[in-house]
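Here's the structure we're looking at; comments come further down.
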Amino acid sequence: MDVVLQQIVNAISLGGIYALLALGLAVVFSIVSLVNFAHGELMTVAGYGMFFAAAVSLPFPFAVGIAVLFAIIAALLTERFAFRPMRKADATGLLLTSFAVSAILRVIFQNGISARPKPVPLPSGFAGVIDIGFLHIGIVPLLSIVMTALSLAALILFLNRTTLGKAMRAAAEDFQVLRLMGIKANRVIAVAFAVSGALAGVAAVLWIAQRGSVDPLMGFVPVLKAFVAAVIGGLGSLTGAVAGGFALGILEVLFQAFLPDAALPFRDAFVLGFVILILIWRPDGLIPAPVARRS
Amino acid sequence: MLEVSDLKVKYGEVAAVKGISLSVPEGSIVVLLGANGAGKSSTLNAIAGLVAYTGSIRFDGTSLSGRPAEDIVKRGISLTPEGRRVFPSLSVADNLHLGGAAHASGEELKKRVEAELHRFSILRERYHQKAGLLSGGEQQMLAIARSLMASPRLLLLDEPSLGLAPLIVDKVFDLILDLKRRGLTILLVEQNAERALEIADHGYVLQTGQVVLEGTGAELARSDLVKQAYLAE
């Protein structure tokens with residue numbers, strides 16, 4: 001029982017990180033039809049933000065704030081200087097642009113900072129375990145679940161209660177009509193990138209809390225997982241991204257826990273095999289996005 | 001108020017509008033008639049800033065050439081697009097608010113919403129429902145109300161009666177007349193030529209991207225071309 005509950009906590013915690021990342025991809029995709037593979041590098045930027053904050057001895061909560069801020073700024077800069085000039089390009093053109101942005105950022109990290117991992121000191125309490133009855137839960141998975149829940153709640157409030165949030169939802173449904181209302185396309189798109197950057201920043205903090213270091217290639221694996229999660233959920237659907245993120249996290253933890261030792265090296269193959277089954281069952285994803293008109 | 005001259009719109013190699021000139025005097029209802037593909041919607045979209053064009057479009061003497069859609073609605077031209085195109089997953093309330101958000105805020109925005117709910121009482125009943133769940137007629141009302149949230153001086157209506165039950169069509173045309181009485185200028189694209197010409201001060205008949213006939217509503221209704229092509233006679 002104990003093991004099962006702990007695995008559930010692990011699955012929710014990992015799934016939460018994937019959900020935040022997949023949401024970051026979905027927020028942008030739903031509005032500009034771009035699968036932003038440079039999303040992983042936004043995480044890396046956030047990671048270096050934490051590293052620099054620690055280097056100047058800022059307290060951990062400030063480091064978290066700086067990480068999120070760095071990711072938001074990086075997202076806005078890539079939008080302004082890479083994706084906006086390519087706005088009229090087709091989906092392939094946008095995809096290639098995102099690969100280019102990703103590659104350029106990685107080279108900048110490697111040559112401008114270091115190719116080696118940089119340690120990010122974590123508060124000593126992070127190694128601890130909380131005992132709830134017979135249950136031993138690590139601080140990091142627990143914080144991770146709390147941060148994910150808070151981020152999702154903040155995003156839901158933003159999308160449902162603020163004019164900009166509503167404009168983003170409207171843009172995903174019919175961008176052209178939104179412009180007819182006088183709402184500036186550039187502003188809505190920039191906000192979508194900023195939101196996606198914030199989500200990448202939070203995910204980066206949670207990712208780094210598990211490994212304690214940042215390196216130039218850090219974002220590569222998570223963005224691939226986020227892409228898989230977004231596809232499982234239904235590309236461009238926000239609720240789908242969350243569902244897909246948790247589904248992927250649960251699958252990974254399940255296979256990790258219950259595969260025989262000899263099969264463990266092939267865990268990802270099993271996970272992706274299962275993903276294929278899901279997509280055969282539901283080709284448009286678990287919760288597909290409505291077919292939208294775009295600018 | 002609106003002067004369009006030698007308007008040309010191309011989609012790639014296909015010319016949708018081939019040199020249309022028309023004029024919409026202040027306080028009038030002007031109707032564009034024509035078959036599918038005649039260039040009616042393209043003309044409206046060009047005026048609203050959604051598609052690129054050559055030629056000149058002037059509003060109150062100022063050229064609109066090269067201005068984006070966001071800017072044109074701020075100058076007082078609002079387009080209710082064909083097919084209503086409400087935001088389906090957003091509530092009626094949110095659709096209305098987004099219609100006015102770029103033009104008013106706070107109390108003024110509330111006042112405008114209240115004015116539209118007064119004008120369209122059905123929207124008050126549906127206020128918190130998702131727009132996608134409304135009937136076609138209700139969606140059309142919402143689409144028009146959303147355009148009016150910008151407080152335009154010129155309203156461009158693209159096929160407002162398309163696909164609606166006869167009773168609702170009556171309501172739409174009553175509404176257009178009422179808007180005119182309140183001082184709004186209207187450029188209307190309609191398939192329902194009979195009803196449109198009844199309320200039109202002036203009309204243009206478009207064929208394959210060109211104006212082939214123009215005149216007052218009554219003149220057009222009497223013309224052989226319109227009778228044969230658009231009126232069931």
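Each chain of the structure tokens is named A, B, ... in the order shown, its residues numbered from 1; ligands are numbered from 1 in display order.
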
query = Please, which residues of chain A lie no more than 10 Å from chain B when the count uses only C-alpha atoms, and can they be set out as a count of residues only?
reply = 26

Enumerate the residues of segment 83-158 of chain B with a DSSP assignment of strand (DSSP E), computed from the backbone, and present them as an mmCIF file with N, CA and C atoms, in the first residue's frame.
```cif
data_model
loop_
_atom_site.group_PDB
_atom_site.id
_atom_site.type_symbol
_atom_site.label_atom_id
_atom_site.label_comp_id
_atom_site.auth_asym_id
_atom_site.auth_seq_id
_atom_site.Cartn_x
_atom_site.Cartn_y
_atom_site.Cartn_z
ATOM 1 N N LEU B 154 -20.027 53.370 -38.934
ATOM 2 C CA LEU B 154 -20.383 52.608 -40.135
ATOM 3 C C LEU B 154 -20.341 51.121 -39.782
ATOM 4 N N LEU B 155 -21.459 50.440 -40.027
ATOM 5 C CA LEU B 155 -21.529 49.012 -39.740
ATOM 6 C C LEU B 155 -21.535 48.238 -41.062
ATOM 7 N N LEU B 156 -20.604 47.290 -41.186
ATOM 8 C CA LEU B 156 -20.567 46.433 -42.369
ATOM 9 C C LEU B 156 -21.193 45.106 -41.981
ATOM 10 N N LEU B 157 -22.293 44.747 -42.642
ATOM 11 C CA LEU B 157 -22.992 43.506 -42.294
ATOM 12 C C LEU B 157 -22.861 42.521 -43.451
ATOM 13 N N ASP B 158 -22.270 41.369 -43.186
ATOM 14 C CA ASP B 158 -22.053 40.380 -44.248
ATOM 15 C C ASP B 158 -23.043 39.229 -44.079
#
```

request  = Can you pull out every residue within 8 Å of Ala115 of chain A, counting only C-alpha atoms, but drop anything in the same chain fewer than 6 positions away, and send it as a PyMOL selection string?
outcome  = chain A and resi 109+215-216

With C-alpha atoms retained, write the just-selected residues as a PDB file, in the first residue's frame.
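File selection06.pdb, as written:
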```pdb
ATOM      1  CA  PHE A 109      24.828  28.548 -23.612  1.00  0.00           C
ATOM      2  CA  ASP A 215      23.448  22.440 -18.543  1.00  0.00           C
ATOM      3  CA  PRO A 216      23.013  23.687 -22.122  1.00  0.00           C
TER       4      PRO A 216
END
```

Spatial neighbours of segment 72-87 of chain A, 10 Å, only C-alpha atoms, chain gap at least 4 places, as a PyMOL selection string = chain A and resi 32-34+36+38-39+41-43+45-46+66-68+91+93-95+97-98+100-102+105+186+189-201+295

ask   = So which residues touch Ala46 of chain B within 10 Å, counting only C-alpha atoms, skipping near sequence neighbours fewer than 5 positions away, as an MDAnalysis selection string?
value = chainID B and resid 7:9 17 41 51:54 57 64:66 69

With segment 182-193 of chain B as the partner and 7 Å as the cut-off, tabulate the residues of segment 27-135 of chain B that qualify, each row holding the nearest pair of atoms and their distance in Å to one decimal, using only C-alpha atoms, sorted by chain and rising number, as JSON lines.
```
{"residue": "B:Gly27", "atom": "CA", "partner": "B:Thr185", "partner_atom": "CA", "distance": 4.5}
{"residue": "B:Ser28", "atom": "CA", "partner": "B:Thr185", "partner_atom": "CA", "distance": 5.3}
{"residue": "B:Ile29", "atom": "CA", "partner": "B:Ile186", "partner_atom": "CA", "distance": 4.7}
{"residue": "B:Val30", "atom": "CA", "partner": "B:Leu187", "partner_atom": "CA", "distance": 4.9}
{"residue": "B:Val31", "atom": "CA", "partner": "B:Leu188", "partner_atom": "CA", "distance": 4.7}
{"residue": "B:Leu32", "atom": "CA", "partner": "B:Val189", "partner_atom": "CA", "distance": 4.9}
{"residue": "B:Leu33", "atom": "CA", "partner": "B:Glu190", "partner_atom": "CA", "distance": 6.1}
{"residue": "B:Lys40", "atom": "CA", "partner": "B:Val189", "partner_atom": "CA", "distance": 6.5}
```

Selected residues written out, C-alpha atoms, as a PDB file, in the first residue's frame:
```pdb
ATOM      1  CA  GLY B  27     -26.965  57.882 -42.489  1.00  0.00           C
ATOM      2  CA  SER B  28     -27.903  55.599 -45.392  1.00  0.00           C
ATOM      3  CA  ILE B  29     -28.256  51.878 -45.987  1.00  0.00           C
ATOM      4  CA  VAL B  30     -26.307  50.700 -49.019  1.00  0.00           C
ATOM      5  CA  VAL B  31     -26.721  47.139 -50.271  1.00  0.00           C
ATOM      6  CA  LEU B  32     -24.337  44.981 -52.275  1.00  0.00           C
ATOM      7  CA  LEU B  33     -26.087  42.251 -54.241  1.00  0.00           C
ATOM      8  CA  LYS B  40     -19.132  41.138 -52.000  1.00  0.00           C
TER       9      LYS B  40
END
```

task = as a count of residues only, please: all residues of segment 13-131 of chain A that backbone DSSP puts in helix (DSSP H, G or I).
result = 87

Exercise: Thr62 of chain B partners within 10 Å, only C-alpha atoms, chain neighbours under 4 positions left out, as a ChimeraX atom specification = /B:1-3,57-58

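With atom CA of Glu219 of chain B on one side and atom CA of Ala200 of chain B on the other, the separation reads 10.5 Å.
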